[in-house]
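Shown below: model05.pdb, with PDB, C-alpha atoms and all ligand atoms.
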ATOM      1  CA  MET A1265     -60.661  27.814  14.061  1.00  0.00           C
ATOM      2  CA  ILE A1266     -57.258  28.844  15.315  1.00  0.00           C
ATOM      3  CA  ILE A1267     -55.283  31.113  12.999  1.00  0.00           C
ATOM      4  CA  SER A1268     -52.202  31.605  15.125  1.00  0.00           C
ATOM      5  CA  LYS A1269     -49.487  29.013  14.801  1.00  0.00           C
ATOM      6  CA  PHE A1270     -47.546  30.353  17.743  1.00  0.00           C
ATOM      7  CA  ALA A1271     -48.214  32.245  20.896  1.00  0.00           C
ATOM      8  CA  CYS A1272     -45.632  34.780  22.006  1.00  0.00           C
ATOM      9  CA  ILE A1273     -45.081  34.482  25.689  1.00  0.00           C
ATOM     10  CA  LYS A1274     -43.260  37.207  27.530  1.00  0.00           C
ATOM     11  CA  ILE A1275     -41.343  36.149  30.585  1.00  0.00           C
ATOM     12  CA  LEU A1276     -42.491  38.699  33.111  1.00  0.00           C
ATOM     13  CA  ASN A1277     -41.264  37.291  36.373  1.00  0.00           C
ATOM     14  CA  LYS A1278     -39.307  34.554  38.022  1.00  0.00           C
ATOM     15  CA  LYS A1279     -42.340  32.331  38.503  1.00  0.00           C
ATOM     16  CA  LYS A1280     -43.082  32.356  34.802  1.00  0.00           C
ATOM     17  CA  LEU A1281     -39.412  31.923  34.001  1.00  0.00           C
ATOM     18  CA  THR A1282     -39.209  28.783  36.096  1.00  0.00           C
ATOM     19  CA  TYR A1283     -42.492  27.455  34.745  1.00  0.00           C
ATOM     20  CA  ILE A1284     -41.681  28.028  31.090  1.00  0.00           C
ATOM     21  CA  SER A1285     -38.105  26.816  31.204  1.00  0.00           C
ATOM     22  CA  LYS A1286     -39.172  23.651  32.984  1.00  0.00           C
ATOM     23  CA  LYS A1287     -42.242  23.006  30.883  1.00  0.00           C
ATOM     24  CA  TYR A1288     -40.580  23.523  27.546  1.00  0.00           C
ATOM     25  CA  ASN A1289     -37.087  22.544  28.605  1.00  0.00           C
ATOM     26  CA  ILE A1290     -35.555  25.834  27.511  1.00  0.00           C
ATOM     27  CA  LYS A1291     -32.235  26.822  28.947  1.00  0.00           C
ATOM     28  CA  ASN A1292     -30.760  30.309  29.312  1.00  0.00           C
ATOM     29  CA  LEU A1293     -34.163  31.933  29.434  1.00  0.00           C
ATOM     30  CA  GLN A1294     -34.237  35.374  31.000  1.00  0.00           C
ATOM     31  CA  ILE A1295     -36.862  37.648  32.467  1.00  0.00           C
ATOM     32  CA  GLY A1296     -38.025  40.128  29.840  1.00  0.00           C
ATOM     33  CA  GLN A1297     -37.530  37.716  26.960  1.00  0.00           C
ATOM     34  CA  THR A1298     -40.343  36.758  24.643  1.00  0.00           C
ATOM     35  CA  ILE A1299     -40.513  33.224  23.316  1.00  0.00           C
ATOM     36  CA  LYS A1300     -42.679  31.603  20.687  1.00  0.00           C
ATOM     37  CA  ILE A1301     -44.573  28.494  21.697  1.00  0.00           C
ATOM     38  CA  PRO A1302     -46.491  26.416  19.166  1.00  0.00           C
ATOM     39  CA  ILE A1303     -50.190  26.722  19.987  1.00  0.00           C
ATOM     40  CA  GLU A1304     -50.581  22.989  20.400  1.00  0.00           C
ATOM     41  CA  ASN A1305     -47.997  23.064  23.175  1.00  0.00           C
ATOM     42  CA  LEU A1306     -49.819  25.625  25.236  1.00  0.00           C
ATOM     43  CA  PRO A1307     -51.561  24.340  28.335  1.00  0.00           C
ATOM     44  CA  ILE A1308     -55.301  24.286  27.599  1.00  0.00           C
ATOM     45  CA  ASN A1309     -55.923  26.671  30.450  1.00  0.00           C
ATOM     46  CA  SER A1310     -53.355  29.179  29.202  1.00  0.00           C
ATOM     47  CA  HIS A1311     -54.364  32.817  29.193  1.00  0.00           C
ATOM     48  CA  GLU A1312     -52.121  33.665  26.242  1.00  0.00           C
ATOM     49  CA  LYS A1313     -53.878  35.557  23.466  1.00  0.00           C
ATOM     50  CA  ILE A1314     -54.292  33.740  20.185  1.00  0.00           C
ATOM     51  CA  LEU A1315     -55.822  34.789  16.891  1.00  0.00           C
ATOM     52  CA  VAL A1316     -58.910  32.799  15.998  1.00  0.00           C
ATOM     53  CA  LYS A1317     -61.502  32.959  13.278  1.00  0.00           C
ATOM     54  CA  CYS A1318     -65.254  32.509  13.626  1.00  0.00           C
ATOM     55  CA  ASP A1319     -66.301  29.370  11.742  1.00  0.00           C
ATOM     56  CA  ASN A1320     -69.564  31.022  10.859  1.00  0.00           C
ATOM     57  CA  CYS A1321     -68.833  34.572   9.742  1.00  0.00           C
ATOM     58  CA  GLY A1322     -65.060  34.547   9.310  1.00  0.00           C
ATOM     59  CA  ILE A1323     -64.365  37.384  11.727  1.00  0.00           C
ATOM     60  CA  GLU A1324     -60.918  37.176  13.253  1.00  0.00           C
ATOM     61  CA  LYS A1325     -60.320  38.109  16.836  1.00  0.00           C
ATOM     62  CA  LEU A1326     -57.889  37.748  19.684  1.00  0.00           C
ATOM     63  CA  VAL A1327     -59.091  35.584  22.502  1.00  0.00           C
ATOM     64  CA  ASN A1328     -57.316  33.896  25.312  1.00  0.00           C
ATOM     65  CA  TYR A1329     -56.578  30.269  24.722  1.00  0.00           C
ATOM     66  CA  GLN A1330     -58.519  29.090  27.730  1.00  0.00           C
ATOM     67  CA  SER A1331     -61.706  30.826  26.535  1.00  0.00           C
ATOM     68  CA  TYR A1332     -61.269  29.294  23.123  1.00  0.00           C
ATOM     69  CA  ASN A1333     -60.970  25.832  24.610  1.00  0.00           C
ATOM     70  CA  ILE A1334     -64.058  26.339  26.735  1.00  0.00           C
ATOM     71  CA  CYS A1335     -66.053  27.515  23.685  1.00  0.00           C
ATOM     72  CA  THR A1336     -64.901  24.715  21.446  1.00  0.00           C
ATOM     73  CA  LYS A1337     -64.712  21.982  24.086  1.00  0.00           C
ATOM     74  CA  ASN A1338     -60.942  21.742  23.686  1.00  0.00           C
ATOM     75  CA  ASN A1339     -61.003  22.329  19.978  1.00  0.00           C
ATOM     76  CA  THR A1340     -63.442  19.545  19.201  1.00  0.00           C
ATOM     77  CA  GLU A1341     -66.239  21.890  18.116  1.00  0.00           C
ATOM     78  CA  LYS A1342     -66.496  24.868  15.822  1.00  0.00           C
ATOM     79  CA  TYR A1343     -65.753  28.309  17.136  1.00  0.00           C
ATOM     80  CA  TYR A1344     -68.359  31.045  16.885  1.00  0.00           C
ATOM     81  CA  CYS A1345     -67.833  34.655  17.780  1.00  0.00           C
ATOM     82  CA  SER A1346     -70.549  36.100  19.907  1.00  0.00           C
ATOM     83  CA  GLU A1347     -69.896  39.670  20.807  1.00  0.00           C
ATOM     84  CA  LEU A1348     -71.182  41.311  17.664  1.00  0.00           C
ATOM     85  CA  PRO A1349     -74.973  41.698  17.692  1.00  0.00           C
ATOM     86  CA  THR A1350     -74.994  42.461  13.968  1.00  0.00           C
ATOM     87  CA  HIS A1351     -73.358  39.144  13.256  1.00  0.00           C
ATOM     88  CA  SER A1352     -75.846  37.186  15.320  1.00  0.00           C
ATOM     89  CA  LYS A1353     -78.758  38.909  13.622  1.00  0.00           C
ATOM     90  CA  ALA A1354     -77.260  38.547  10.186  1.00  0.00           C
ATOM     91  CA  ASP A1355     -76.873  34.817  10.420  1.00  0.00           C
ATOM     92  CA  GLY A1356     -80.439  34.380  11.601  1.00  0.00           C
ATOM     93  CA  MET A1357     -79.386  32.271  14.516  1.00  0.00           C
ATOM     94  CA  GLY A1358     -79.833  34.879  17.194  1.00  0.00           C
ATOM     95  CA  PHE A1359     -77.760  34.840  20.333  1.00  0.00           C
ATOM     96  CA  GLY A1360     -78.809  31.324  21.106  1.00  0.00           C
ATOM     97  CA  GLY A1361     -76.642  30.000  18.320  1.00  0.00           C
ATOM     98  CA  HIS A1362     -73.553  31.756  19.531  1.00  0.00           C
ATOM     99  CA  ARG A1363     -71.533  31.152  22.587  1.00  0.00           C
ATOM    100  CA  LEU A1364     -69.566  33.692  24.522  1.00  0.00           C
ATOM    101  CA  ALA A1365     -65.892  33.849  23.711  1.00  0.00           C
TER     102      ALA A1365
HETATM  103 ZN    ZN A1401     -69.155  34.884  13.918  1.00  0.00          ZN
END
Kindly transcribe the structure held in the file into structure tokens.
Ligand SMILES: [Zn+2]
Amino acid sequence: MIISKFACIKILNKKKLTYISKKYNIKNLQIGQTIKIPIENLPINSHEKILVKCDNCGIEKLVNYQSYNICTKNNTEKYYCSELPTHSKADGMGFGGHRLA
């Protein structure tokens, strides 16, 4: 599941500035600024880092939003962490039960 309510997006260059100000209709945005975007407003292929929690073991980790959406089929399925071998062994599911983040 997603823990983060917002993603902080830093405006690094003019391209991003134009994109963000257009997409979210924000005026007076400047390069170097960081803005908070509600997670649900992020494009599903966004590479912004969000905090998520494994629905199986409860481990929290930062993943990029796009990866999360791939793992959970756009947030329609549960999220499982996968990178910790101990976790996969502990839950008895093996790697087959876990998908890559
Ligand atoms: Zn897990």
Each chain A residue no farther than 7 Å from ligand ZN 1401 (chain A), nearest pair in Å, only C-alpha atoms and all ligand atoms, as CSV:
residue,atom,partner,partner_atom,distance
A:Cys1318,CA,A:ZN1401,ZN,4.6
A:Asp1319,CA,A:ZN1401,ZN,6.6
A:Asn1320,CA,A:ZN1401,ZN,4.9
A:Cys1321,CA,A:ZN1401,ZN,4.2
A:Gly1322,CA,A:ZN1401,ZN,6.2
A:Ile1323,CA,A:ZN1401,ZN,5.8
A:Tyr1344,CA,A:ZN1401,ZN,4.9
A:Cys1345,CA,A:ZN1401,ZN,4.1
A:Ser1346,CA,A:ZN1401,ZN,6.3
A:His1351,CA,A:ZN1401,ZN,6.0
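In this model, the gap between atom CA of Leu1281 of chain A and atom CA of Gln1297 of chain A comes to 9.3 Å.
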Students should find that atom CA of Lys1317 of chain A and atom CA of Tyr1283 of chain A are spaced 29.2 Å
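Proximity to Tyr1343 of chain A was assessed for A:Ile1303, A:Leu1326, A:Val1316, A:Ile1284 counting all atoms listed in the file; the smallest distance is recorded for A:Val1316.
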In Å and to one decimal, atom CA of Val1327 of chain A is distant from atom CA of Leu1315 of chain A by 6.5 Å
- Query: If we count only C-alpha atoms, what is near Ile1299 of chain A at a cut-off of 8 Å, once residues fewer than 4 positions away on the same chain are taken out, given as a list in words?
  - Reply: Cys1272, Ile1273, Lys1274 and Ile1275 of chain A
Could the residues in this selection be saved with C-alpha atoms as a tab-separated table (two decimals), in the coordinates of the input?
chain	number	residue	atom	x	y	z
A	1272	CYS	CA	-45.63	34.78	22.01
A	1273	ILE	CA	-45.08	34.48	25.69
A	1274	LYS	CA	-43.26	37.21	27.53
A	1275	ILE	CA	-41.34	36.15	30.58
*Spatial neighbours of segment 1285-1293 of chain A, 12 Å, all atoms listed in the file, chain gap at least 3 places, as a PyMOL selection string*: chain A and resi 1273-1282+1296-1302+1305-1307
For Gln1330 of chain A, the closest of A:Lys1313, A:Ile1308, A:Phe1270, A:Lys1342 counting only C-alpha atoms is A:Ile1308
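With all atoms listed in the file as the basis for measurement, A:Asn1309 is the residue among A:Ile1314, A:Glu1304, A:Asn1309, A:Ile1267 that approaches Asn1333 of chain A most closely.
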Could you add whatever atoms are missing so that segment 1313-1341 of chain A carries N, CA and C atoms, then write the result as an mmCIF file, keeping the file's coordinate frame?
data_model
loop_
_atom_site.group_PDB
_atom_site.id
_atom_site.type_symbol
_atom_site.label_atom_id
_atom_site.label_comp_id
_atom_site.auth_asym_id
_atom_site.auth_seq_id
_atom_site.Cartn_x
_atom_site.Cartn_y
_atom_site.Cartn_z
ATOM 1 N N LYS A 1313 -52.963 35.147 24.530
ATOM 2 C CA LYS A 1313 -53.878 35.557 23.466
ATOM 3 C C LYS A 1313 -53.510 34.846 22.160
ATOM 4 N N ILE A 1314 -54.515 34.348 21.497
ATOM 5 C CA ILE A 1314 -54.292 33.740 20.185
ATOM 6 C C ILE A 1314 -55.302 34.329 19.194
ATOM 7 N N LEU A 1315 -54.930 34.289 17.928
ATOM 8 C CA LEU A 1315 -55.822 34.789 16.891
ATOM 9 C C LEU A 1315 -56.686 33.637 16.391
ATOM 10 N N VAL A 1316 -57.992 33.840 16.453
ATOM 11 C CA VAL A 1316 -58.910 32.799 15.998
ATOM 12 C C VAL A 1316 -59.895 33.395 14.996
ATOM 13 N N LYS A 1317 -60.559 32.528 14.294
ATOM 14 C CA LYS A 1317 -61.502 32.959 13.278
ATOM 15 C C LYS A 1317 -62.845 32.284 13.541
ATOM 16 N N CYS A 1318 -63.920 33.064 13.441
ATOM 17 C CA CYS A 1318 -65.254 32.509 13.626
ATOM 18 C C CYS A 1318 -65.559 31.556 12.468
ATOM 19 N N ASP A 1319 -66.002 30.364 12.784
ATOM 20 C CA ASP A 1319 -66.301 29.370 11.742
ATOM 21 C C ASP A 1319 -67.606 29.666 11.023
ATOM 22 N N ASN A 1320 -68.315 30.655 11.512
ATOM 23 C CA ASN A 1320 -69.564 31.022 10.859
ATOM 24 C C ASN A 1320 -69.403 32.239 9.956
ATOM 25 N N CYS A 1321 -68.867 33.328 10.510
ATOM 26 C CA CYS A 1321 -68.833 34.572 9.742
ATOM 27 C C CYS A 1321 -67.428 34.953 9.281
ATOM 28 N N GLY A 1322 -66.410 34.278 9.777
ATOM 29 C CA GLY A 1322 -65.060 34.547 9.310
ATOM 30 C C GLY A 1322 -64.356 35.704 9.996
ATOM 31 N N ILE A 1323 -65.000 36.297 10.988
ATOM 32 C CA ILE A 1323 -64.365 37.384 11.727
ATOM 33 C C ILE A 1323 -63.191 36.830 12.534
ATOM 34 N N GLU A 1324 -62.078 37.587 12.474
ATOM 35 C CA GLU A 1324 -60.918 37.176 13.253
ATOM 36 C C GLU A 1324 -60.827 37.994 14.515
ATOM 37 N N LYS A 1325 -60.472 37.369 15.582
ATOM 38 C CA LYS A 1325 -60.320 38.109 16.836
ATOM 39 C C LYS A 1325 -59.314 37.443 17.751
ATOM 40 N N LEU A 1326 -58.823 38.263 18.688
ATOM 41 C CA LEU A 1326 -57.889 37.748 19.684
ATOM 42 C C LEU A 1326 -58.660 37.295 20.912
ATOM 43 N N VAL A 1327 -58.448 36.075 21.283
ATOM 44 C CA VAL A 1327 -59.091 35.584 22.502
ATOM 45 C C VAL A 1327 -58.037 34.862 23.332
ATOM 46 N N ASN A 1328 -58.299 34.687 24.590
ATOM 47 C CA ASN A 1328 -57.316 33.896 25.312
ATOM 48 C C ASN A 1328 -57.596 32.412 25.091
ATOM 49 N N TYR A 1329 -56.528 31.672 25.136
ATOM 50 C CA TYR A 1329 -56.578 30.269 24.722
ATOM 51 C C TYR A 1329 -57.559 29.460 25.574
ATOM 52 N N GLN A 1330 -57.597 29.800 26.845
ATOM 53 C CA GLN A 1330 -58.519 29.090 27.730
ATOM 54 C C GLN A 1330 -59.975 29.283 27.296
ATOM 55 N N SER A 1331 -60.336 30.543 26.977
ATOM 56 C CA SER A 1331 -61.706 30.826 26.535
ATOM 57 C C SER A 1331 -62.027 30.042 25.270
ATOM 58 N N TYR A 1332 -61.059 30.021 24.369
ATOM 59 C CA TYR A 1332 -61.269 29.294 23.123
ATOM 60 C C TYR A 1332 -61.557 27.821 23.406
ATOM 61 N N ASN A 1333 -60.796 27.255 24.303
ATOM 62 C CA ASN A 1333 -60.970 25.832 24.610
ATOM 63 C C ASN A 1333 -62.304 25.541 25.304
ATOM 64 N N ILE A 1334 -62.752 26.503 26.100
ATOM 65 C CA ILE A 1334 -64.058 26.339 26.735
ATOM 66 C C ILE A 1334 -65.154 26.374 25.662
ATOM 67 N N CYS A 1335 -65.048 27.362 24.753
ATOM 68 C CA CYS A 1335 -66.053 27.515 23.685
ATOM 69 C C CYS A 1335 -66.105 26.309 22.758
ATOM 70 N N THR A 1336 -64.965 25.759 22.465
ATOM 71 C CA THR A 1336 -64.901 24.715 21.446
ATOM 72 C C THR A 1336 -64.731 23.327 22.053
ATOM 73 N N LYS A 1337 -64.922 23.252 23.371
ATOM 74 C CA LYS A 1337 -64.712 21.982 24.086
ATOM 75 C C LYS A 1337 -63.359 21.372 23.688
ATOM 76 N N ASN A 1338 -62.320 22.134 24.003
ATOM 77 C CA ASN A 1338 -60.942 21.742 23.686
ATOM 78 C C ASN A 1338 -60.731 21.447 22.208
ATOM 79 N N ASN A 1339 -61.232 22.365 21.419
ATOM 80 C CA ASN A 1339 -61.003 22.329 19.978
ATOM 81 C C ASN A 1339 -61.641 21.132 19.286
ATOM 82 N N THR A 1340 -62.737 20.643 19.852
ATOM 83 C CA THR A 1340 -63.442 19.545 19.201
ATOM 84 C C THR A 1340 -64.702 20.048 18.489
ATOM 85 N N GLU A 1341 -65.064 21.326 18.776
ATOM 86 C CA GLU A 1341 -66.239 21.890 18.116
ATOM 87 C C GLU A 1341 -65.875 23.177 17.403
#
